[in-house]
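Okay, start-v1.cif now, which holds mmCIF, C-alpha atoms and all ligand atoms:
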data_target
#
loop_
_atom_site.label_atom_id
_atom_site.label_comp_id
_atom_site.auth_asym_id
_atom_site.auth_seq_id
_atom_site.Cartn_x
_atom_site.Cartn_y
_atom_site.Cartn_z
CA MET A 10 5.14 -27.89 -11.73
CA PRO A 11 6.74 -24.44 -11.86
CA ASP A 12 9.35 -23.21 -9.41
CA PHE A 13 8.17 -21.28 -6.39
CA SER A 14 9.26 -18.59 -3.97
CA ILE A 15 8.16 -17.40 -0.55
CA GLY A 16 6.66 -13.99 0.11
CA VAL A 17 6.55 -12.60 3.64
CA ASP A 18 4.57 -9.63 4.90
CA LEU A 19 5.88 -8.57 8.29
CA GLY A 20 3.32 -6.20 9.73
CA GLY A 21 2.95 -4.58 13.11
CA THR A 22 0.49 -7.23 14.31
CA ASN A 23 0.57 -10.16 11.91
CA LEU A 24 3.23 -12.11 10.10
CA ARG A 25 1.92 -13.55 6.84
CA ILE A 26 3.80 -16.00 4.70
CA ALA A 27 2.87 -17.40 1.29
CA ALA A 28 4.32 -19.94 -1.10
CA ILE A 29 3.71 -18.60 -4.61
CA SER A 30 4.68 -20.23 -7.89
CA THR A 31 6.86 -18.22 -10.27
CA ASP A 32 3.87 -17.97 -12.61
CA GLY A 33 1.82 -16.26 -9.90
CA GLN A 34 -0.30 -19.05 -8.42
CA LEU A 35 -0.85 -18.95 -4.68
CA LEU A 36 0.14 -22.39 -3.34
CA GLU A 37 -0.46 -21.73 0.33
CA LYS A 38 -0.81 -18.78 2.67
CA ILE A 39 -0.37 -18.83 6.42
CA THR A 40 -1.00 -16.11 8.97
CA LEU A 41 0.94 -16.21 12.23
CA GLY A 42 -0.28 -13.99 15.04
CA VAL A 43 3.32 -13.39 15.97
CA LYS A 44 3.84 -11.07 18.89
CA VAL A 45 6.24 -8.47 17.61
CA ALA A 46 6.59 -7.37 21.23
CA LEU A 47 8.36 -10.65 22.00
CA GLY A 48 11.27 -9.29 20.06
CA ARG A 49 13.26 -9.64 16.91
CA ASP A 50 14.80 -13.06 17.54
CA HIS A 51 11.42 -14.59 18.36
CA VAL A 52 9.81 -13.18 15.21
CA ILE A 53 12.69 -14.27 12.98
CA GLY A 54 12.59 -17.75 14.55
CA GLU A 55 8.86 -18.17 13.90
CA MET A 56 9.26 -16.80 10.38
CA CYS A 57 12.09 -19.14 9.46
CA ASP A 58 10.31 -22.19 10.92
CA ALA A 59 7.21 -21.43 8.84
CA ILE A 60 9.22 -20.80 5.67
CA LEU A 61 11.11 -24.07 6.13
CA ARG A 62 7.83 -25.95 6.62
CA LEU A 63 6.44 -24.51 3.38
CA THR A 64 9.58 -25.08 1.33
CA GLU A 65 9.76 -28.67 2.57
CA GLN A 66 6.15 -29.20 1.58
CA TYR A 67 6.45 -27.85 -1.97
CA ARG A 68 10.04 -28.85 -2.74
CA GLY A 69 8.80 -31.96 -4.56
CA SER A 70 6.75 -29.90 -6.99
CA GLY A 71 9.33 -27.30 -8.05
CA ARG A 72 12.58 -25.54 -7.19
CA PHE A 73 12.57 -23.05 -4.28
CA VAL A 74 14.13 -19.86 -5.68
CA GLY A 75 14.27 -17.74 -2.51
CA ALA A 76 12.29 -15.55 -0.16
CA GLY A 77 11.26 -11.89 -0.28
CA ILE A 78 10.32 -10.15 2.95
CA GLY A 79 8.30 -6.95 3.05
CA VAL A 80 9.05 -4.92 6.18
CA PRO A 81 7.64 -1.64 7.49
CA GLY A 82 10.77 0.45 7.48
CA ILE A 83 13.66 1.90 5.59
CA ILE A 84 16.17 -0.68 4.41
CA ASP A 85 19.81 -0.42 3.48
CA MET A 86 19.64 -2.45 0.28
CA GLU A 87 23.37 -3.17 0.19
CA THR A 88 23.77 -4.55 3.68
CA GLY A 89 20.26 -5.98 4.12
CA MET A 90 19.88 -4.13 7.41
CA MET A 91 16.95 -2.09 8.57
CA ARG A 92 17.84 1.54 9.10
CA LYS A 93 14.69 2.68 10.80
CA SER A 94 11.29 1.20 11.60
CA ALA A 95 8.64 2.80 13.78
CA ASN A 96 6.79 -0.53 14.18
CA LEU A 97 9.79 -2.76 14.78
CA PRO A 98 11.89 -1.35 17.61
CA GLY A 99 15.09 -3.29 18.14
CA TRP A 100 15.52 -4.29 14.49
CA SER A 101 17.72 -1.39 13.44
CA ASP A 102 21.33 -2.04 12.47
CA TYR A 103 20.83 -5.79 12.72
CA PRO A 104 21.83 -7.96 9.73
CA VAL A 105 18.26 -9.23 9.20
CA ARG A 106 18.79 -10.48 5.66
CA ASP A 107 22.04 -12.33 6.33
CA VAL A 108 20.71 -14.01 9.47
CA ILE A 109 17.61 -15.28 7.66
CA GLU A 110 19.66 -16.34 4.64
CA ARG A 111 21.86 -18.47 6.88
CA ARG A 112 18.85 -20.06 8.58
CA LEU A 113 17.15 -20.89 5.28
CA GLY A 114 20.18 -21.68 3.16
CA ALA A 115 18.53 -19.70 0.35
CA ARG A 116 18.55 -16.24 -1.21
CA VAL A 117 16.62 -13.67 0.82
CA PHE A 118 15.60 -10.14 -0.16
CA LEU A 119 14.31 -7.42 2.16
CA GLU A 120 12.01 -4.80 0.71
CA ASN A 121 10.04 -1.92 2.14
CA ASP A 122 6.38 -2.97 2.47
CA ALA A 123 5.02 -0.16 0.27
CA ASN A 124 7.49 -1.09 -2.47
CA ALA A 125 6.50 -4.75 -2.13
CA ALA A 126 2.81 -3.84 -2.55
CA ALA A 127 3.63 -1.86 -5.71
CA LEU A 128 5.57 -4.80 -7.13
CA GLY A 129 2.59 -7.05 -6.39
CA GLU A 130 0.14 -4.74 -8.14
CA LYS A 131 2.51 -4.47 -11.09
CA TRP A 132 2.90 -8.23 -11.34
CA LEU A 133 -0.66 -9.47 -10.84
CA GLY A 134 -2.87 -6.50 -9.96
CA ALA A 135 -4.05 -3.17 -11.33
CA ALA A 136 -0.71 -2.18 -12.89
CA ARG A 137 -0.06 -5.38 -14.86
CA ASP A 138 2.29 -4.63 -17.74
CA VAL A 139 2.56 -0.96 -16.73
CA ASP A 140 6.24 -0.02 -16.51
CA ASN A 141 5.89 3.44 -15.02
CA MET A 142 3.61 3.71 -12.02
CA ALA A 143 3.32 4.85 -8.45
CA MET A 144 1.42 3.29 -5.61
CA VAL A 145 -0.19 5.15 -2.74
CA THR A 146 -1.25 2.96 0.19
CA LEU A 147 -3.77 4.47 2.59
CA GLY A 148 -3.61 2.85 6.01
CA THR A 149 -2.45 4.01 9.42
CA GLY A 150 -0.33 6.45 7.43
CA ILE A 151 0.30 6.80 3.70
CA GLY A 152 2.82 4.48 2.06
CA GLY A 153 4.36 5.34 -1.28
CA ALA A 154 6.32 3.61 -4.02
CA ILE A 155 7.56 4.64 -7.44
CA ILE A 156 8.27 2.17 -10.25
CA LEU A 157 10.21 3.50 -13.25
CA ASN A 158 10.98 1.33 -16.27
CA GLY A 159 9.70 -1.67 -14.35
CA LYS A 160 11.98 -1.16 -11.35
CA ILE A 161 11.54 0.41 -7.93
CA PHE A 162 13.02 3.91 -7.81
CA TYR A 163 14.86 4.04 -4.50
CA GLY A 164 16.41 7.47 -4.60
CA MET A 165 19.86 8.07 -3.16
CA ASN A 166 19.47 5.86 -0.11
CA GLY A 167 16.12 4.11 -0.31
CA MET A 168 14.01 6.98 0.98
CA ALA A 169 12.17 7.95 -2.22
CA GLY A 170 8.38 7.78 -2.25
CA GLU A 171 7.56 9.24 1.17
CA PHE A 172 4.26 10.55 -0.17
CA GLY A 173 2.63 10.61 3.26
CA HIS A 174 4.87 13.41 4.46
CA VAL A 175 4.28 15.81 1.60
CA THR A 176 2.94 19.04 3.13
CA ILE A 177 -0.62 19.84 2.08
CA GLU A 178 -1.51 22.29 4.90
CA PRO A 179 1.16 24.90 5.72
CA ASN A 180 -0.16 25.37 9.27
CA GLY A 181 -1.69 21.94 9.66
CA VAL A 182 -1.77 19.21 12.26
CA PRO A 183 1.60 18.09 13.69
CA CYS A 184 2.95 14.80 12.35
CA GLY A 185 5.18 12.18 13.97
CA CYS A 186 7.83 12.94 11.36
CA GLY A 187 8.45 16.40 12.85
CA ASN A 188 6.64 18.31 10.10
CA HIS A 189 3.08 19.56 10.33
CA GLY A 190 0.29 19.46 7.77
CA CYS A 191 1.51 16.18 6.20
CA ALA A 192 -0.84 14.46 3.72
CA GLU A 193 -1.20 11.40 5.96
CA ARG A 194 -2.64 13.56 8.74
CA TYR A 195 -5.65 14.21 6.44
CA ALA A 196 -5.92 11.21 4.11
CA SER A 197 -5.41 7.98 6.06
CA ALA A 198 -7.59 5.71 8.21
CA THR A 199 -6.08 7.37 11.28
CA ALA A 200 -6.91 10.80 9.89
CA LEU A 201 -10.58 9.89 9.36
CA VAL A 202 -10.95 8.92 13.00
CA ARG A 203 -9.06 12.01 14.18
CA MET A 204 -11.24 14.33 12.10
CA ALA A 205 -14.38 12.60 13.38
CA ARG A 206 -13.21 12.91 17.00
CA GLU A 207 -12.51 16.61 16.46
CA ALA A 208 -15.95 17.14 14.94
CA ILE A 209 -17.49 15.38 17.96
CA ASP A 210 -15.43 17.43 20.45
CA SER A 211 -16.55 20.64 18.74
CA GLY A 212 -20.11 19.74 19.72
CA LYS A 213 -21.31 20.37 16.17
CA ALA A 214 -21.70 16.76 15.06
CA PRO A 215 -24.37 15.19 17.30
CA ALA A 216 -25.06 12.23 14.99
CA LEU A 217 -21.37 11.34 14.90
CA ALA A 218 -21.19 11.71 18.68
CA LYS A 219 -24.16 9.39 19.11
CA ALA A 220 -22.64 6.77 16.79
CA ALA A 221 -19.26 6.98 18.53
CA SER A 222 -20.76 6.60 21.98
CA SER A 223 -22.48 3.33 21.04
CA ASP A 224 -19.55 1.95 19.06
CA ALA A 225 -16.58 0.84 21.15
CA GLU A 226 -14.47 0.42 18.03
CA PHE A 227 -15.38 3.69 16.35
CA SER A 228 -13.31 3.36 13.21
CA ALA A 229 -12.90 4.56 9.63
CA ARG A 230 -15.48 1.93 8.67
CA SER A 231 -18.01 3.32 11.18
CA ILE A 232 -17.59 6.78 9.65
CA TYR A 233 -18.01 5.32 6.15
CA ASN A 234 -21.20 3.51 7.16
CA LEU A 235 -22.59 6.80 8.47
CA ALA A 236 -21.57 8.62 5.28
CA ILE A 237 -23.38 6.17 2.99
CA GLN A 238 -26.44 6.41 5.25
CA GLY A 239 -26.48 10.12 4.47
CA ASN A 240 -24.92 11.57 7.62
CA GLU A 241 -23.63 14.99 6.57
CA ASP A 242 -20.90 15.23 9.18
CA ALA A 243 -19.45 11.90 8.06
CA GLN A 244 -19.77 12.99 4.41
CA ARG A 245 -17.91 16.22 5.20
CA ILE A 246 -15.07 14.22 6.72
CA PHE A 247 -14.78 12.07 3.60
CA HIS A 248 -14.93 15.20 1.45
CA ARG A 249 -12.01 16.65 3.42
CA PHE A 250 -10.21 13.32 3.01
CA GLY A 251 -10.85 13.32 -0.77
CA VAL A 252 -9.74 16.93 -1.20
CA SER A 253 -6.56 16.26 0.78
CA LEU A 254 -5.77 13.10 -1.18
CA GLY A 255 -6.54 15.00 -4.39
CA MET A 256 -3.96 17.64 -3.44
CA LEU A 257 -1.34 14.98 -2.89
CA MET A 258 -2.25 13.14 -6.12
CA ALA A 259 -2.19 16.41 -8.10
CA ASP A 260 1.35 17.02 -6.88
CA LEU A 261 2.41 13.48 -7.74
CA VAL A 262 0.92 13.69 -11.24
CA ASN A 263 2.53 17.08 -11.86
CA VAL A 264 5.93 15.89 -10.71
CA LEU A 265 6.01 12.36 -12.10
CA ASN A 266 3.63 12.27 -15.13
CA LEU A 267 3.40 8.48 -14.85
CA ASP A 268 1.05 6.17 -16.78
CA MET A 269 -0.72 4.95 -13.67
CA PHE A 270 -1.23 5.75 -10.00
CA VAL A 271 -2.65 2.86 -7.97
CA ILE A 272 -4.36 3.66 -4.67
CA GLY A 273 -4.47 0.80 -2.17
CA GLY A 274 -4.94 0.09 1.52
CA GLY A 275 -8.03 -0.75 3.55
CA VAL A 276 -9.60 2.70 3.12
CA ILE A 277 -10.21 2.14 -0.61
CA SER A 278 -13.32 0.18 0.34
CA ALA A 279 -14.70 3.70 0.97
CA TRP A 280 -13.73 4.77 -2.58
CA ASP A 281 -17.25 5.99 -3.43
CA ALA A 282 -17.18 8.33 -0.44
CA PHE A 283 -13.94 10.14 -1.29
CA ALA A 284 -13.10 9.59 -4.98
CA PRO A 285 -15.40 12.30 -6.45
CA SER A 286 -13.78 14.98 -4.24
CA MET A 287 -10.34 13.59 -5.05
CA PHE A 288 -10.84 13.67 -8.83
CA ALA A 289 -12.36 17.17 -8.73
CA GLU A 290 -9.43 18.46 -6.71
CA MET A 291 -6.93 16.84 -9.08
CA ARG A 292 -8.52 18.47 -12.13
CA GLU A 293 -8.52 21.76 -10.29
CA ARG A 294 -4.91 21.68 -9.15
CA SER A 295 -2.94 19.71 -11.71
CA LEU A 296 -2.59 20.97 -15.24
CA VAL A 297 -0.95 17.67 -16.15
CA TYR A 298 -3.96 15.73 -14.85
CA ALA A 299 -6.45 18.10 -16.47
CA ALA A 300 -4.68 17.58 -19.79
CA THR A 301 -4.46 13.80 -19.51
CA ALA A 302 -7.50 12.72 -17.47
CA PRO A 303 -9.58 9.95 -19.06
CA ASP A 304 -13.07 10.99 -20.16
CA ASP A 305 -14.54 8.71 -17.54
CA PRO A 306 -12.25 9.05 -14.57
CA LYS A 307 -14.14 6.63 -12.35
CA LEU A 308 -12.18 3.62 -13.54
CA ASP A 309 -13.84 1.48 -10.93
CA PRO A 310 -13.04 -2.24 -11.22
CA LYS A 311 -16.39 -2.99 -9.63
CA ASN A 312 -18.16 -1.53 -12.67
CA ASP A 313 -16.19 -3.31 -15.35
CA PRO A 314 -15.61 -7.08 -15.39
CA ALA A 315 -12.74 -6.74 -17.89
CA VAL A 316 -10.89 -4.49 -15.49
CA LYS A 317 -11.63 -6.72 -12.53
CA LYS A 318 -9.83 -9.43 -14.47
CA ALA A 319 -7.00 -7.56 -16.16
CA GLY A 320 -6.55 -4.46 -14.03
CA ALA A 321 -6.90 -0.90 -15.23
CA ALA A 322 -4.36 -1.79 -17.92
CA ALA A 323 -7.40 -3.21 -19.72
CA TRP A 324 -8.30 0.36 -20.62
CA MET A 325 -4.96 1.18 -22.13
CA PRO A 326 -5.68 -0.08 -25.67
CA ASN A 327 -8.81 2.11 -25.75
CA TYR A 328 -6.79 5.28 -25.65
CA THR A 329 -5.27 6.66 -28.76
CA ARG A 330 -3.61 9.35 -26.70
CA LYS A 331 -1.98 8.55 -23.40
CA LYS A 332 -4.03 9.11 -20.28
CA THR A 333 -3.20 9.35 -16.59
CA ILE A 334 -4.90 6.38 -14.96
CA ILE A 335 -5.83 6.74 -11.28
CA THR A 336 -7.25 3.45 -10.06
CA GLN A 337 -7.85 1.18 -7.11
CA ALA A 338 -5.47 -1.61 -6.16
CA LEU A 339 -6.83 -5.07 -6.95
CA LEU A 340 -4.91 -7.42 -4.67
CA GLY A 341 -6.04 -6.00 -1.33
CA SER A 342 -3.87 -6.91 1.62
CA ASP A 343 -2.14 -9.64 -0.42
CA ALA A 344 -0.35 -7.17 -2.72
CA GLY A 345 2.71 -7.07 -0.47
CA LEU A 346 2.86 -10.87 -0.23
CA TYR A 347 2.81 -11.29 -4.01
CA GLY A 348 5.28 -8.47 -4.52
CA ALA A 349 7.70 -9.87 -1.95
CA ALA A 350 7.50 -13.30 -3.57
CA ARG A 351 8.14 -11.75 -6.99
CA ILE A 352 11.55 -10.36 -6.02
CA PRO A 353 13.52 -13.63 -5.82
CA ALA A 354 11.55 -14.97 -8.80
CA SER A 355 12.37 -12.13 -11.17
ZN ZN A 401 4.86 13.77 8.39
#

Would you encode the structure as structure tokens?
Amino acid sequence: MPDFSIGVDLGGTNLRIAAISTDGQLLEKITLGVKVALGRDHVIGEMCDAILRLTEQYRGSGRFVGAGIGVPGIIDMETGMMRKSANLPGWSDYPVRDVIERRLGARVFLENDANAAALGEKWLGAARDVDNMAMVTLGTGIGGAIILNGKIFYGMNGMAGEFGHVTIEPNGVPCGCGNHGCAERYASATALVRMAREAIDSGKAPALAKAASSDAEFSARSIYNLAIQGNEDAQRIFHRFGVSLGMLMADLVNVLNLDMFVIGGGVISAWDAFAPSMFAEMRERSLVYAATAPDDPKLDPKNDPAVKKAGAAAWMPNYTRKKTIITQALLGSDAGLYGAARIPAS
């Protein structure tokens, strides 16, 4: 049996932990509904107990090489401390890595969750064997990660890749970061709901208003369901989303000129509703994309079994000239788990 590592995805609501072999096989995955509100020490205690249970269980089959932990925040890579996390109050300036290392008696690595997801997609997902890529994760906000020559590009102090706070509307909606008009205020799950609420409040979207009034959990998915049923207000919201994401992607392609840009996060299940507007906007705004776009930009894993299996990298040999590949993530919410587990194993 091969050696194995542990990947941890520490989210705002769930703590997920997986034992993954160094050749990429999932051995076991557990989800703990850990109450982050109970505080840092409680969460770390539950996490370490679960990791120890898993390592004990699989120790007989291979060597445990360490644990990688994806966290929603900015990390000081040298000290293993969290600098800042909106979702984890009370974790800042605490030696998270060292404390967990002592408890486990093994090597532990902290990584930003967006970076972990990119590493996962590079290892086993859409960006397999692609050395230069960026990942854009659409969720509550927009997460970003840049991989250059196979390694995360951190910038001066770990803050590179804040794609969500790129300005796309000079006089746009205020953002929690202090800026206004940030990309994540127009192209995230939160943004879809906000735009729908605004359309309802304007009194000009009666069908949306009707759907929202009978749906206690009026969500991005509700808006998507309306859009595919032909509701024009919902379609307009996804168009706005696609145009906004296209602006961001055009900027990223112009600046970075990478081989591949992987778009992940729960909202990609609505790909059909926003991708056409996104691709059109990218061609319009980015000369680099217009010059390097594949002939068929859809690149939808659902339409091509080879790509479902091998990721969009499956297309690469087909191109005699290099193309900019914009594609969906393949690992879903597990990308961060795989990526975190990859760190101690690589
Ligand atoms: Zn912002």

What's the 8 Å shell around segment 53-56 of chain A, counting all atoms listed in the file, without same-chain residues fewer than 3 positions away, as number ranges by chain?
A: 24, 26, 43, 49-50, 59-60, 109

Store the residues of this selection in a file with C-alpha atoms, as a PDB file, keeping the file's coordinate frame.
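Result file is again-v6.pdb:
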ATOM      1  CA  LEU A  24       3.230 -12.110  10.100  1.00  0.00           C
ATOM      2  CA  ILE A  26       3.800 -16.000   4.700  1.00  0.00           C
ATOM      3  CA  VAL A  43       3.320 -13.390  15.970  1.00  0.00           C
ATOM      4  CA  ARG A  49      13.260  -9.640  16.910  1.00  0.00           C
ATOM      5  CA  ASP A  50      14.800 -13.060  17.540  1.00  0.00           C
ATOM      6  CA  ALA A  59       7.210 -21.430   8.840  1.00  0.00           C
ATOM      7  CA  ILE A  60       9.220 -20.800   5.670  1.00  0.00           C
ATOM      8  CA  ILE A 109      17.610 -15.280   7.660  1.00  0.00           C
TER       9      ILE A 109
END

For the interface of chain A with ligand ZN 401 (chain A) (cut-off 9 Å, counting all atoms listed in the file), please tabulate each contacting residue of chain A alongside its nearest pair of atoms and their separation in Å to one decimal, rows sorted by chain and increasing number, as CSV.
residue,atom,partner,partner_atom,distance
A:Glu171,CA,A:ZN401,ZN,8.9
A:Gly173,CA,A:ZN401,ZN,6.4
A:His174,CA,A:ZN401,ZN,3.9
A:Val175,CA,A:ZN401,ZN,7.1
A:Thr176,CA,A:ZN401,ZN,7.7
A:Pro183,CA,A:ZN401,ZN,7.6
A:Cys184,CA,A:ZN401,ZN,4.5
A:Gly185,CA,A:ZN401,ZN,5.8
A:Cys186,CA,A:ZN401,ZN,4.3
A:Gly187,CA,A:ZN401,ZN,6.3
A:Asn188,CA,A:ZN401,ZN,5.2
A:His189,CA,A:ZN401,ZN,6.4
A:Gly190,CA,A:ZN401,ZN,7.3
A:Cys191,CA,A:ZN401,ZN,4.7
A:Ala192,CA,A:ZN401,ZN,7.4
A:Glu193,CA,A:ZN401,ZN,6.9
A:Arg194,CA,A:ZN401,ZN,7.5

At a cut-off of 9 Å, using all atoms listed in the file, what residues contact Tyr195 of chain A? Leave out same-chain residues fewer than 4 positions from it and give the result as a compact mmCIF listing (two decimals) with C-alpha atoms, keeping the file's coordinate frame.
# COMPACT_ATOMS: atom_id res chain seq x y z
CA ILE A 177 -0.62 19.84 2.08
CA VAL A 182 -1.77 19.21 12.26
CA GLY A 190 0.29 19.46 7.77
CA CYS A 191 1.51 16.18 6.20
CA THR A 199 -6.08 7.37 11.28
CA ALA A 200 -6.91 10.80 9.89
CA LEU A 201 -10.58 9.89 9.36
CA ARG A 203 -9.06 12.01 14.18
CA MET A 204 -11.24 14.33 12.10
CA ARG A 249 -12.01 16.65 3.42
CA PHE A 250 -10.21 13.32 3.01
CA GLY A 251 -10.85 13.32 -0.77
CA SER A 253 -6.56 16.26 0.78
CA LEU A 254 -5.77 13.10 -1.18

Restricting the calculation to all atoms listed in the file: of A:Gly48, A:Pro353, A:Gly181, A:Gly341, which residue gets closest to Ile29 of chain A?
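Of A:Gly48, A:Pro353, A:Gly181, A:Gly341, the one nearest Ile29 of chain A is A:Pro353, counting all atoms listed in the file.
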
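Between atom CA of Asp85 of chain A and atom CA of Lys160 of chain A there is a distance of 16.8 Å.
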
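In this comparison, which uses only C-alpha atoms, the residue of A:Ser30, A:Leu113, A:Gly77, A:Leu41 approaching Cys57 of chain A most closely is A:Leu113.
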
Looking at A:Gly164, A:Ala216, A:Ile155, A:Val145, which one is nearest to Val276 of chain A, with distances taken over all atoms listed in the file?
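Closest to Val276 of chain A of all the choices is A:Val145.
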
d(atom CA of Val252 of chain A, atom CA of Phe288 of chain A) in Å:
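These two atoms are separated by 8.4 Å.
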
Could you please determine the separation between atom CA of Ala115 of chain A and atom CA of Glu37 of chain A in Å, to one decimal place?
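Rounded to one decimal, the two atoms are 19.1 Å apart.
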
Hey, can you pull every residue with an atom no more than 7 Å from (-16.8, 8.6, 6.9), using only C-alpha atoms, and send it as an mmCIF file with C-alpha atoms, in the coordinates of the input?
data_model
loop_
_atom_site.group_PDB
_atom_site.id
_atom_site.type_symbol
_atom_site.label_atom_id
_atom_site.label_comp_id
_atom_site.auth_asym_id
_atom_site.auth_seq_id
_atom_site.Cartn_x
_atom_site.Cartn_y
_atom_site.Cartn_z
ATOM 1 C CA LEU A 201 -10.580 9.890 9.360
ATOM 2 C CA ALA A 229 -12.900 4.560 9.630
ATOM 3 C CA SER A 231 -18.010 3.320 11.180
ATOM 4 C CA ILE A 232 -17.590 6.780 9.650
ATOM 5 C CA TYR A 233 -18.010 5.320 6.150
ATOM 6 C CA ASN A 234 -21.200 3.510 7.160
ATOM 7 C CA LEU A 235 -22.590 6.800 8.470
ATOM 8 C CA ALA A 236 -21.570 8.620 5.280
ATOM 9 C CA ALA A 243 -19.450 11.900 8.060
ATOM 10 C CA GLN A 244 -19.770 12.990 4.410
ATOM 11 C CA ILE A 246 -15.070 14.220 6.720
ATOM 12 C CA PHE A 247 -14.780 12.070 3.600
#

Spatial neighbours of Ile78 of chain A, max dist 8 Å, all atoms listed in the file, sep filter under 4 positions, as a list in words
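Here the answer would be Gly16, Val17, Asp18, Leu19, Val117, Phe118, Leu119, Glu120, Ala349 and Ala350 of chain A.
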
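Residue nearest Phe162 of chain A within the list A:Thr64, A:Val74, A:Ala259, A:Leu265: A:Leu265 [criterion: smallest interatomic distance, all atoms listed in the file].
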
Spatial neighbours of Lys131 of chain A, max dist 12 Å, only C-alpha atoms, sep filter under 6 positions, as a ChimeraX atom specification:
/A:33,124-125,137-144,154-161,269-271,319-322,338-340,344-345,347-349,351-352

Looking at all atoms listed in the file, which of A:Asp242, A:Asp268, A:Asp210, A:Glu290 is the one that sits closest to Gly255 of chain A?
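Distance minimum relative to Gly255 of chain A lands on A:Glu290.
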
In terms of all atoms listed in the file, the residue from A:Gly153, A:Pro11, A:Pro81, A:Gly21 at minimal distance from Met258 of chain A is A:Gly153

Write out as a ChimeraX atom specification the residues lying within 6 Å of Ala28 of chain A, counting all atoms listed in the file and excluding same-chain residues fewer than 6 positions away.
/A:14-15,36-37
